[in-house]
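J.: Quick one: the structure is below, and I'll ask about it shortly.
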Amino acid sequence: MTLIDGKSTSLQIQDEIKSLVEVRTKRGQKKPHLAAIIVGDNPASRAYVGHKIKACERVGFESTLIELSESVREEQLLSEVEALNNNDSIDGFIVQLPLPDHIDDQKVLEAVRPEKDVDGFHPVNAGNLSLGLPGFQPATPAGIMELLKRYKIETSGKHAVIIGRSAIVGTPMTLLLSRNANPGNCTVTLCHSRTQNLEEITRSADILIAAIGKPHFVTKSMIKPGAVIIDVGINRIPDASRKSGNRLTGDVDFEGAAEVAGSITPVPGGVGPMTIAMLLRNTLQAADQRA
Ligand code: GUN
């Protein structure tokens, strides 16, 4: 069984990005600059954004964090987005999700200029992805593709099963895995809450991607021996043995799955750190495209 180490792969990619930033600065170009808008104080969102900002420092990017209160009005948030769109020193920016219920997420995501949309959530970038055209790819599915590539996992002709059809992970993952590329060329099945005979389908997966947000949803009996298991879940569950009273766990029952899988990503230390590496890569791409 191979443990797919997203943390060390992410650090390796960050080293590569750092070298490219040094090349840029030696040429007299400015450091890439990423901004993040966070609304409210959801602890998980704060932690994610904190990791993103810290990663910027590690690779020599500039970063700006814009913190808005939970009660911010939609117009105010839209005007912050507009200011970042028009700020020449910012190469790319993200609006951390989820947003409070009184704000229309889609309206906000559509307000981000596609050239600065390093999350790849704008319909222009989503459309480019679906057509196989260049653009910003959403960081989580891009990170999974990078893991498959760097671990030299054969994907051509394989059956990939994705559980969860979100716009951020499941849907773009389907597109990337089915492309005529390497990695790619998978036969893809996208499962969701209405899927019948789920276990029968997952048991035929050579590559199984769990992105549903339910702790330990995927169990040993759902896995074909030797399969590649990619766990996108980041769930906080109670754990009295921890000082914080909780711990992170994935959508896969890791212990059971590890007994049958050929390779598997852990949580934490799997897909999560790769998402950050891909956000940095998109930001460098945004800066290079403006230069
Ligand atoms: N919330 C969960 N994942 C993401 C992500 O990749 N980007 C943003 N902006 N918000 C998220």
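Following the order of the structure tokens, chains are lettered A, B, ..., residues in each are numbered from 1, and ligands are numbered from 1.
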Report as a list of chain:residue names all protein, DNA and RNA residues lying within 10 Å of Phe121 in chain A, evaluated on only C-alpha atoms, omitting residues in the same chain fewer than 2 positions from it.

T.: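 Final neighbour list, sorted by chain and number: A:Ile94, A:Val95, A:Gln106, A:Leu109, A:Glu110, A:Val112, A:Pro114, A:Asp117, A:Val118, A:Asp119, A:Pro123, A:Val124, A:Asn125, A:Ala126, A:Gly127, A:Phe136, A:Gln137, A:Pro138, A:Ala139, A:Ala167, A:Ile168.
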
J.: Could you please extract the residues within 9 Å of ligand 1, counting only C-alpha atoms and all ligand atoms, and hand them back as a list of chain:residue names?

T.: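 Counting only what the definition allows, namely only C-alpha atoms and all ligand atoms, the set is A:Ala36, A:Ile37, A:Ile38, A:Ser45, A:Tyr48, A:Val49, A:Phe93, A:Ile94, A:Val95, A:Gln96, A:Leu97, A:Pro98, A:Leu99, A:Asp119, A:Gly120, A:Phe121, A:Pro138, A:Ala139, A:Thr140, A:Ile168, A:Val169, A:Thr275, A:Ile276, A:Leu279.
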
J.: Any idea what the distance is between CA of Ser156 in chain A and CA of Ile144 in chain A?

T.: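 Answer for the CA of Ser156 in chain A to CA of Ile144 in chain A separation: 15.4 Å.
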
J.: Can you tell me which residues surround range 79-88 of chain A at a distance of at most 7 Å, considering only C-alpha atoms, apart from same-chain residues fewer than 3 positions away, and format the answer as a ChimeraX atom specification?

T.: /A:75-76,111-113

J.: Would you output that residue set with N, CA and C atoms, as a compact mmCIF listing (two decimals), in the first residue's frame?

T.:
```txt
# COMPACT_ATOMS: atom_id res chain seq x y z
N GLU A 75 -23.60 44.60 -1.19
CA GLU A 75 -23.01 45.69 -2.00
C GLU A 75 -21.60 46.03 -1.54
N GLN A 76 -21.39 45.98 -0.23
CA GLN A 76 -20.07 46.29 0.31
C GLN A 76 -19.05 45.24 -0.16
N ALA A 111 -18.56 38.41 -10.05
CA ALA A 111 -18.02 39.78 -10.05
C ALA A 111 -16.48 39.79 -10.15
N VAL A 112 -15.86 38.65 -9.88
CA VAL A 112 -14.39 38.57 -9.93
C VAL A 112 -13.95 38.56 -11.40
N ARG A 113 -12.99 39.41 -11.76
CA ARG A 113 -12.51 39.40 -13.15
C ARG A 113 -11.88 38.05 -13.46
```

J.: From a backbone DSSP assignment, name each residue in range 164-291 of chain A labelled helix (DSSP H, G or I), as a PyMOL selection string.

T.: chain A and resi 170-178+198-202+220-222+254-260+271-290

J.: Can you tell me which residues surround Ser178 in chain A at a distance of at most 9 Å, considering only C-alpha atoms, apart from same-chain residues fewer than 6 positions away, and format the answer as a CSV table (one decimal) with N, CA and C atoms, in the first residue's frame?

T.:
```csv
chain,number,residue,atom,x,y,z
A,160,ALA,N,-12.8,5.7,-13.1
A,160,ALA,CA,-12.7,6.6,-11.9
A,160,ALA,C,-14.2,6.9,-11.4
A,184,GLY,N,-5.5,11.4,-17.2
A,184,GLY,CA,-6.8,11.6,-17.8
A,184,GLY,C,-7.2,10.3,-18.5
A,185,ASN,N,-8.1,10.4,-19.6
A,185,ASN,CA,-8.5,9.3,-20.3
A,185,ASN,C,-9.2,8.2,-19.4
A,186,CYS,N,-9.8,8.7,-18.3
A,186,CYS,CA,-10.6,7.7,-17.5
A,186,CYS,C,-12.0,7.6,-18.0
A,187,THR,N,-12.6,6.5,-17.7
A,187,THR,CA,-14.1,6.4,-17.8
A,187,THR,C,-14.6,6.8,-16.5
A,188,VAL,N,-15.4,7.9,-16.4
A,188,VAL,CA,-15.8,8.5,-15.2
A,188,VAL,C,-17.3,8.3,-14.8
```

J.: Select, from A:Leu68, A:Ala35, A:Ile234, A:Leu177, the residue with the minimum atom-to-atom distance to Gly92 in chain A, counting only C-alpha atoms.

T.: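 Smallest separation from Gly92 in chain A among the options: A:Ala35.
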
J.: Running DSSP on the backbone, which parts of range 15-259 of chain A land in strand (DSSP E or B), as a ChimeraX atom specification?

T.: /A:33-39,62-68,92-95,117,159-163,187-191,207-210,218,228-231,235-238,246-249,252

J.: Would you pick out the contacts of Ile4 in chain A at 10 Å or less, using only C-alpha atoms, so that residues sharing its chain but fewer than 3 positions from it are not included, and give the list as a list in words?

T.: Met1, Lys7, Ser8, Thr9, Leu147, Leu148, Arg150, Tyr151, Val228, Ile229, Ile230, Ser263, Ile264, Thr265, Pro266, Gly269, Gly270 and Val271 of chain A

J.: Which residue is closest to Leu190 in chain A? Choose from A:Pro215, A:Glu115, A:Ile163, A:Pro141 and count only C-alpha atoms.

T.: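 Between A:Pro215, A:Glu115, A:Ile163, A:Pro141, the residue approaching Leu190 in chain A most closely is A:Ile163.
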
J.: Could you give me, as a PDB file with N, CA, C and O atoms, in the first residue's frame, the residues within 12 Å of Ser71 in chain A, counting only C-alpha atoms and dropping anything in the same chain fewer than 4 positions from it?

T.:
```pdb
ATOM      1  N   VAL A  39     -15.128  36.516   4.986  1.00  0.00           N
ATOM      2  CA  VAL A  39     -16.302  37.147   5.616  1.00  0.00           C
ATOM      3  C   VAL A  39     -16.681  36.333   6.854  1.00  0.00           C
ATOM      4  O   VAL A  39     -16.877  35.120   6.761  1.00  0.00           O
ATOM      5  N   GLY A  40     -16.754  37.013   7.993  1.00  0.00           N
ATOM      6  CA  GLY A  40     -17.177  36.342   9.227  1.00  0.00           C
ATOM      7  C   GLY A  40     -16.043  35.605   9.908  1.00  0.00           C
ATOM      8  O   GLY A  40     -14.876  35.704   9.504  1.00  0.00           O
ATOM      9  N   ASP A  41     -16.374  34.852  10.963  1.00  0.00           N
ATOM     10  CA  ASP A  41     -15.280  34.153  11.638  1.00  0.00           C
ATOM     11  C   ASP A  41     -15.524  32.663  11.819  1.00  0.00           C
ATOM     12  O   ASP A  41     -15.286  32.097  12.876  1.00  0.00           O
ATOM     13  N   GLU A  67     -10.540  41.288   5.754  1.00  0.00           N
ATOM     14  CA  GLU A  67     -11.473  40.634   6.676  1.00  0.00           C
ATOM     15  C   GLU A  67     -12.729  41.477   6.811  1.00  0.00           C
ATOM     16  O   GLU A  67     -12.652  42.657   7.167  1.00  0.00           O
ATOM     17  N   GLU A  75     -23.599  44.597  -1.186  1.00  0.00           N
ATOM     18  CA  GLU A  75     -23.007  45.686  -2.005  1.00  0.00           C
ATOM     19  C   GLU A  75     -21.598  46.032  -1.539  1.00  0.00           C
ATOM     20  O   GLU A  75     -20.732  46.343  -2.361  1.00  0.00           O
ATOM     21  N   GLN A  76     -21.395  45.984  -0.227  1.00  0.00           N
ATOM     22  CA  GLN A  76     -20.072  46.292   0.311  1.00  0.00           C
ATOM     23  C   GLN A  76     -19.048  45.241  -0.159  1.00  0.00           C
ATOM     24  O   GLN A  76     -17.950  45.566  -0.607  1.00  0.00           O
ATOM     25  N   LEU A  77     -19.449  43.975  -0.073  1.00  0.00           N
ATOM     26  CA  LEU A  77     -18.568  42.896  -0.523  1.00  0.00           C
ATOM     27  C   LEU A  77     -18.280  43.047  -2.027  1.00  0.00           C
ATOM     28  O   LEU A  77     -17.128  42.928  -2.465  1.00  0.00           O
ATOM     29  N   LEU A  99     -20.041  31.771   2.101  1.00  0.00           N
ATOM     30  CA  LEU A  99     -20.409  33.131   2.501  1.00  0.00           C
ATOM     31  C   LEU A  99     -21.693  33.049   3.340  1.00  0.00           C
ATOM     32  O   LEU A  99     -22.433  32.066   3.233  1.00  0.00           O
ATOM     33  N   PRO A 100     -21.973  34.079   4.158  1.00  0.00           N
ATOM     34  CA  PRO A 100     -23.210  34.059   4.952  1.00  0.00           C
ATOM     35  C   PRO A 100     -24.441  33.945   4.041  1.00  0.00           C
ATOM     36  O   PRO A 100     -24.387  34.324   2.863  1.00  0.00           O
ATOM     37  N   ASP A 101     -25.528  33.441   4.618  1.00  0.00           N
ATOM     38  CA  ASP A 101     -26.737  33.165   3.831  1.00  0.00           C
ATOM     39  C   ASP A 101     -27.331  34.384   3.135  1.00  0.00           C
ATOM     40  O   ASP A 101     -27.969  34.250   2.095  1.00  0.00           O
ATOM     41  N   HIS A 102     -27.127  35.584   3.708  1.00  0.00           N
ATOM     42  CA  HIS A 102     -27.755  36.767   3.103  1.00  0.00           C
ATOM     43  C   HIS A 102     -26.997  37.254   1.866  1.00  0.00           C
ATOM     44  O   HIS A 102     -27.400  38.216   1.232  1.00  0.00           O
ATOM     45  N   ILE A 103     -25.898  36.575   1.535  1.00  0.00           N
ATOM     46  CA  ILE A 103     -25.126  36.987   0.351  1.00  0.00           C
ATOM     47  C   ILE A 103     -25.258  35.930  -0.745  1.00  0.00           C
ATOM     48  O   ILE A 103     -25.195  34.721  -0.479  1.00  0.00           O
TER      49      ILE A 103
END
```

J.: Using only C-alpha atoms, which residues sit within 12 Å of Ala181 in chain A once same-chain residues fewer than 5 positions away are excluded, as a list in words?

T.: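 Selected residues are Gly132, Met145, Lys149, Glu154, Thr155, Ser156, Gly157, Leu175, Leu176 and Cys186 of chain A.
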